[in-house]
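Below is one structure; the comments refer to it alone.
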Amino acid sequence: MTRGLLASAVALAALGAAGASAQASDEAFADQISTGRALFAANCAACHGADLTGGQFATGVKGPAFLARWGGQPASALVNYIATSMPPGGGGRLSAAQYNALAALILAENGFAGDVALATAEIPLPPRGQGEEGSGLGLPGVSSRYPFPAAPTIPDPFAGYTPVTQDELVNPAPEDWVAWRRSQLGQGYSPLAQVTTQNVSRLAVAWAQALPAGPTLAEPLVRDGVMYVHAFGDEVFAFDAATGRQIWRYRRQLPEGTMPLGKKTISLWDDRVILATSDLHVMALDARTGRPVWDVAIPTQGRGGLRLNGGTLVADGAVMIGLATQADEGAFIAAFDAASGQHLWSFNTVAHADEPGGNTWNGLPDNQRRGGSVWTSGSFDPQTGLALWGVAQTYDTAALRDLVPGQNNDGLFTNSTLAFRPRTGELVWYFQHMPNDQYDLDWVFERTLGEVNGRHVVMTGGKEGLLDTLDAATGRYITTADMGYQTFITAIDPVTGRKQVDPALVPGRDRDAVFMCPHAGGGRNWSPGAFDDATDTLFMNYRDTCMELRPRADGGFLSTGVDIYYSAPADSDGNFGILQAMDMATGTVRWEHRRRAPYNAGMLATAGGLLFSGAMDREFMAFDQATGRQVWRTGLSGVPNASPITYSVNGRQYVAVVTGMGNPLAFGLPNFTPELPVPEVNSASVTVFALDGGQ
């Protein structure tokens with residue numbers, strides 16, 4: 001049951017018990033029943049009958065048959081059931097107060113009085129010997145005239161369930177996809193090889209499920225044949241990963257006025273699914289039932305404008321989550337105990353004056369330091385025990401652009417990699433990839449762990465299309481690979497990795513318009529790449545777009561006084577979607593594939609020699625890892641936003657992709673390909689493919 005409904009049910013229960021007179025309680029209960037009766041007539045009577053005794057399409061919700069179904073259960077369970085399941089497939093359309101009013105009506109019709117504590121009381125059992133077969137709520141009852149043949153036995157998907165361990169999250173079974181990018185190493189690579197470049201043409205839809213319409217950004221997770229999908233509106237589904245049969249659904253009742261935000265990740269830990277919610281909570285669901293285990297509010301430290309559109313990382317028993325904001329004092333990362341939800345620590349990603357890095361903000365007071373948002377999940381390195389997080393830039397560029405004498409204007413910890421001890425929040429090392437970013441070119445994306453040239457490294461890239469490699473234990477800079485499309489960085493220090501910007505391309509209200517590549521939307525963006533550790537190859541997609549930064553007299557997207565306009569490159573061939581294979585051992589591009597429509601989804605690499613990704617034209621494609629040649633394609637009903645995944649059940653390999661338009665990196669991109677409009681009706685779904693005819 002959700003916290004909102006529980007609180008409302010408690011309030012309903014307390015009408016006659018919290019210092020009010022019995023008369024006031026009775027009047028309040030009568031008013032609620034009256035409200036419930038009007039709601040029932042408008043929403044329920046067509047199926048359940050105007051007098052609650054049943055209709056053509058559903059059984060009654062009063063009398064012995066109803067009590068036979070609900071007797072002995074907590075009254076609060078009825079409130080939750082109505083809110084999430086009625087009408088079938090359409091729950092959650094009313095407010096929490098309206099669902100409580102409906103429950104009050106039903107309970108009153110079954111003998112409840114206003115002074116009964118609904119949150120704690122049990123619904124009474126029916127009189128002995130009474131009660132007919134029926135669902136109580138939902139589908140019509142079943143006649144006993146002729147027995148139905150026995151239904152097939154559905155195996156319990158959680159029989160023999162074992163808790164998810166830390167070792168499993170960094171080294172999962174080949175058939176599973178248990179974390180964002182498959183494991184907490186962030187590689188996006190699967191050892192499955194049943195689907196290959198030779199047979200990929202036989203991929204066909206195995207099953208599909210509709211999801212709530214809206215931005216759907218999170219990769220599904222799969223473990224032991226169960227798929228967990230985070231959907232828009234803070235909903236979580238569990239499906240049979242082989243058939244698509246729904247096992248359970250959790251739907252959060254968000255407070256009125258809360259804007260639902262798509263999330264990029266959820267996490268598995270022990271026997272739980274852990275997620276962040278749009279109303280700034282972190283919570284754990286039972287992985288077997290979808291029922292909440294704990295639910296805690298994130299301490300906001302008195303800051304406004306915070307939002308959660310990234311996702312959780314759970315490592316060493318700590319749940320970590322980054323927040324985003326453009327308000328004063330900047331953003332932060334918070335951590336909670338995975339067992340209890342207890343708050344463990346918070347770390348300011350915009351360093352305050354009395355904190356390490358606090359002397360890098362051009363002398364600004366804390367309440368004028370902004371940015372440092374975290375809107376992508378982190379990785380975890382089992383060799384060092386460190387959680388690795390990326391931090392974004394600041395939009396308040398004017399405060400840092402021009403160096404104040406005697407100050408430092410790097411702006412830590414914007415555009416940095418941060419390495420934490422998960423349980424304590426100790427910052428072991430950091431590396432700032434791009435100080436004093438004047439362009440909105442974030443480095444907030446995935447951190448990928450691997451072995452390159454005999455060293456244990458972490459790799460990450462910014463919107464520029466530069467890919468930095470660092471020593472994973474110390475954060476020491478090793479090298480940078482350039483995808484070849486940025487035009488504003490003229491040199492990189494080979495020892496420190498510090499990047500030198502062309503001073504003629506620094507924008508501002510007091511300067512002429514600046515033209516440079518890439519656009520502030522990326523280049524590459526949060527859609528993650530995939531890394532093959534065996535060949536040192538990082539596969540990335542990129543949008544070949546540029547921008548003009550035009551000064552304006554007042555305001556502006558960036559506080560230096562400029563607005564940003566999309567542009568094609570001067571030498572554009574009309575192909576804006578780029579796919580590259582980068583040799584991270586040498587920093588050279590092995591091959592490149594260009595296409596008209598820009599990419600919108602991340603990358604999946606498999607041991608079958610395949611790469612999968614999706615684009616703005618709703619195409620889902622596979623490529624040959626060795627050459628970049630496209631070897632398979634299909635059309636989707638919506639735009640794929642998250643990265644595809646692959647998994648196996650009973651020896652059969654599946655490839656899954658979710659759709660749901662709304663990924664922020666796609667804004668503006670449809671203008672580049674006007675002949676390929678995005679769908680006017682925004683749907684969302686998970687579609688799963690497998691080889692037609694088996695292996």
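By convention in this document, the chains of the structure tokens carry letters A, B, ... by their order, each chain's residues are numbered from 1, and ligands are numbered from 1 in the order they are shown.
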Write out as a PyMOL selection string the residues lying within 9 Å of Gly36 in chain A, counting only C-alpha atoms and excluding same-chain residues fewer than 4 positions away. chain A and resi 31-32+40-41+98-106
Could the residues in this selection be written to a file with all heavy atoms, as a short mmCIF file (atom, residue, chain, number, x, y, z; two decimals), in the first residue's frame?
```cif
data_model
loop_
_atom_site.label_atom_id
_atom_site.label_comp_id
_atom_site.auth_asym_id
_atom_site.auth_seq_id
_atom_site.Cartn_x
_atom_site.Cartn_y
_atom_site.Cartn_z
N ASP A 31 -20.79 12.39 5.26
CA ASP A 31 -20.39 13.19 4.10
C ASP A 31 -19.51 12.38 3.16
O ASP A 31 -19.64 12.46 1.93
CB ASP A 31 -19.64 14.45 4.56
CG ASP A 31 -20.57 15.46 5.21
OD1 ASP A 31 -21.80 15.34 5.04
OD2 ASP A 31 -20.04 16.36 5.90
N GLN A 32 -18.61 11.59 3.74
CA GLN A 32 -17.71 10.79 2.91
C GLN A 32 -18.48 9.70 2.17
O GLN A 32 -18.23 9.45 0.99
CB GLN A 32 -16.62 10.17 3.77
CG GLN A 32 -15.48 9.57 2.97
CD GLN A 32 -14.30 9.24 3.83
OE1 GLN A 32 -14.47 8.74 4.94
NE2 GLN A 32 -13.11 9.50 3.34
N PHE A 40 -19.39 6.31 -6.97
CA PHE A 40 -19.76 4.95 -7.37
C PHE A 40 -20.73 5.00 -8.55
O PHE A 40 -20.58 4.25 -9.52
CB PHE A 40 -20.38 4.21 -6.20
CG PHE A 40 -20.57 2.74 -6.45
CD1 PHE A 40 -19.59 1.83 -6.09
CD2 PHE A 40 -21.73 2.25 -7.04
CE1 PHE A 40 -19.75 0.47 -6.33
CE2 PHE A 40 -21.90 0.91 -7.29
CZ PHE A 40 -20.90 0.01 -6.93
N ALA A 41 -21.70 5.90 -8.49
CA ALA A 41 -22.68 6.01 -9.56
C ALA A 41 -22.00 6.39 -10.88
O ALA A 41 -22.38 5.91 -11.95
CB ALA A 41 -23.74 7.03 -9.19
N GLN A 98 -10.77 10.40 -3.04
CA GLN A 98 -11.92 9.80 -3.72
C GLN A 98 -11.93 8.28 -3.56
O GLN A 98 -12.99 7.68 -3.36
CB GLN A 98 -11.89 10.18 -5.20
CG GLN A 98 -12.22 11.65 -5.44
CD GLN A 98 -12.03 12.05 -6.89
OE1 GLN A 98 -11.03 11.69 -7.52
NE2 GLN A 98 -12.98 12.81 -7.43
N TYR A 99 -10.76 7.65 -3.62
CA TYR A 99 -10.71 6.20 -3.39
C TYR A 99 -11.12 5.86 -1.96
O TYR A 99 -11.81 4.87 -1.71
CB TYR A 99 -9.32 5.66 -3.69
CG TYR A 99 -9.03 5.56 -5.17
CD1 TYR A 99 -7.96 6.23 -5.73
CD2 TYR A 99 -9.83 4.79 -6.01
CE1 TYR A 99 -7.69 6.15 -7.09
CE2 TYR A 99 -9.58 4.70 -7.37
CZ TYR A 99 -8.51 5.39 -7.91
OH TYR A 99 -8.26 5.30 -9.25
N ASN A 100 -10.74 6.70 -1.00
CA ASN A 100 -11.15 6.46 0.38
C ASN A 100 -12.66 6.60 0.53
O ASN A 100 -13.30 5.87 1.29
CB ASN A 100 -10.43 7.43 1.31
CG ASN A 100 -8.98 7.05 1.50
OD1 ASN A 100 -8.63 5.88 1.54
ND2 ASN A 100 -8.11 8.05 1.59
N ALA A 101 -13.24 7.55 -0.20
CA ALA A 101 -14.69 7.73 -0.13
C ALA A 101 -15.41 6.51 -0.70
O ALA A 101 -16.43 6.06 -0.15
CB ALA A 101 -15.09 9.00 -0.89
N LEU A 102 -14.89 5.97 -1.82
CA LEU A 102 -15.49 4.74 -2.36
C LEU A 102 -15.40 3.59 -1.37
O LEU A 102 -16.36 2.83 -1.18
CB LEU A 102 -14.80 4.37 -3.68
CG LEU A 102 -15.18 5.19 -4.90
CD1 LEU A 102 -14.23 4.89 -6.06
CD2 LEU A 102 -16.62 4.89 -5.32
N ALA A 103 -14.23 3.45 -0.75
CA ALA A 103 -14.06 2.38 0.23
C ALA A 103 -14.99 2.58 1.41
O ALA A 103 -15.58 1.61 1.93
CB ALA A 103 -12.61 2.31 0.69
N ALA A 104 -15.16 3.82 1.86
CA ALA A 104 -16.06 4.09 2.98
C ALA A 104 -17.49 3.68 2.64
O ALA A 104 -18.20 3.10 3.47
CB ALA A 104 -15.99 5.57 3.34
N LEU A 105 -17.92 3.99 1.40
CA LEU A 105 -19.26 3.58 0.98
C LEU A 105 -19.41 2.06 1.02
O LEU A 105 -20.38 1.53 1.58
CB LEU A 105 -19.53 4.10 -0.43
CG LEU A 105 -20.78 3.51 -1.12
CD1 LEU A 105 -22.04 3.99 -0.43
CD2 LEU A 105 -20.80 3.86 -2.60
N ILE A 106 -18.46 1.36 0.42
CA ILE A 106 -18.56 -0.11 0.35
C ILE A 106 -18.56 -0.71 1.75
O ILE A 106 -19.35 -1.62 2.06
CB ILE A 106 -17.40 -0.66 -0.49
CG1 ILE A 106 -17.56 -0.21 -1.95
CG2 ILE A 106 -17.33 -2.19 -0.40
CD1 ILE A 106 -16.35 -0.52 -2.82
#
```
Report the residues of range 25-264 of chain A whose backbone DSSP state falls under strand (DSSP E), written as a ChimeraX atom specification. /A:189-190,203-210,221-223,226-231,235-240,246-251
Give me, as JSON, numbers by chain, all polymer residues having an atom no more than 8 Å from Val273 in chain A, counting only C-alpha atoms and skipping those fewer than 5 positions away in the same chain. {"A": [266, 267, 268, 284, 285, 286, 287]}
Could you please take those selected residues and save N, CA, C and O atoms as an mmCIF file, in the first residue's frame?
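File selection23.cif, as written:
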```cif
data_model
loop_
_atom_site.group_PDB
_atom_site.id
_atom_site.type_symbol
_atom_site.label_atom_id
_atom_site.label_comp_id
_atom_site.auth_asym_id
_atom_site.auth_seq_id
_atom_site.Cartn_x
_atom_site.Cartn_y
_atom_site.Cartn_z
ATOM 1 N N ILE A 266 16.599 1.570 -12.094
ATOM 2 C CA ILE A 266 16.176 1.001 -10.823
ATOM 3 C C ILE A 266 17.243 -0.014 -10.428
ATOM 4 O O ILE A 266 18.155 -0.304 -11.210
ATOM 5 N N SER A 267 17.142 -0.545 -9.218
ATOM 6 C CA SER A 267 18.189 -1.450 -8.723
ATOM 7 C C SER A 267 17.584 -2.680 -8.076
ATOM 8 O O SER A 267 16.501 -2.620 -7.477
ATOM 9 N N LEU A 268 18.301 -3.798 -8.177
ATOM 10 C CA LEU A 268 17.987 -5.012 -7.433
ATOM 11 C C LEU A 268 18.995 -5.151 -6.300
ATOM 12 O O LEU A 268 20.192 -4.888 -6.474
ATOM 13 N N ALA A 284 11.929 0.793 -1.294
ATOM 14 C CA ALA A 284 12.224 -0.597 -1.632
ATOM 15 C C ALA A 284 10.922 -1.364 -1.746
ATOM 16 O O ALA A 284 10.042 -1.257 -0.880
ATOM 17 N N LEU A 285 10.780 -2.125 -2.834
ATOM 18 C CA LEU A 285 9.654 -3.028 -3.024
ATOM 19 C C LEU A 285 10.126 -4.463 -2.851
ATOM 20 O O LEU A 285 11.270 -4.798 -3.199
ATOM 21 N N ASP A 286 9.261 -5.321 -2.356
ATOM 22 C CA ASP A 286 9.551 -6.751 -2.328
ATOM 23 C C ASP A 286 9.603 -7.247 -3.773
ATOM 24 O O ASP A 286 8.640 -7.091 -4.534
ATOM 25 N N ALA A 287 10.711 -7.823 -4.176
ATOM 26 C CA ALA A 287 10.893 -8.244 -5.566
ATOM 27 C C ALA A 287 9.912 -9.327 -5.975
ATOM 28 O O ALA A 287 9.666 -9.520 -7.168
#
```
Find the residues of range 537-610 of chain A that sit at most 10 Å from range 447-456 of chain A; for each, write down the nearest two atoms and how far apart they are in Å, to one decimal. Count only C-alpha atoms. Sort by chain, then by number going up, and give it as CSV.
```
residue,atom,partner,partner_atom,distance
A:Thr537,CA,A:Val452,CA,9.6
A:Leu538,CA,A:Thr448,CA,9.5
A:Asp583,CA,A:Val452,CA,9.8
A:Met584,CA,A:Val452,CA,7.1
A:Ala585,CA,A:Val452,CA,5.9
A:Thr586,CA,A:Asn453,CA,9.1
```
So how far away is CA of Thr243 in chain A from CA of Trp207 in chain A, in Å? 6.2 Å
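Comparing A:Ala327, A:Leu470, A:Ala570, A:Asp510 by their smallest distance to Ala553 in chain A, the closest is A:Asp510 (using only C-alpha atoms).
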Pick out the closest residue to Asp692 in chain A from this set: A:Arg202, A:His230, A:Arg629, A:Arg37. Count only C-alpha atoms.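 Of A:Arg202, A:His230, A:Arg629, A:Arg37, the one nearest Asp692 in chain A is A:Arg202, counting only C-alpha atoms.
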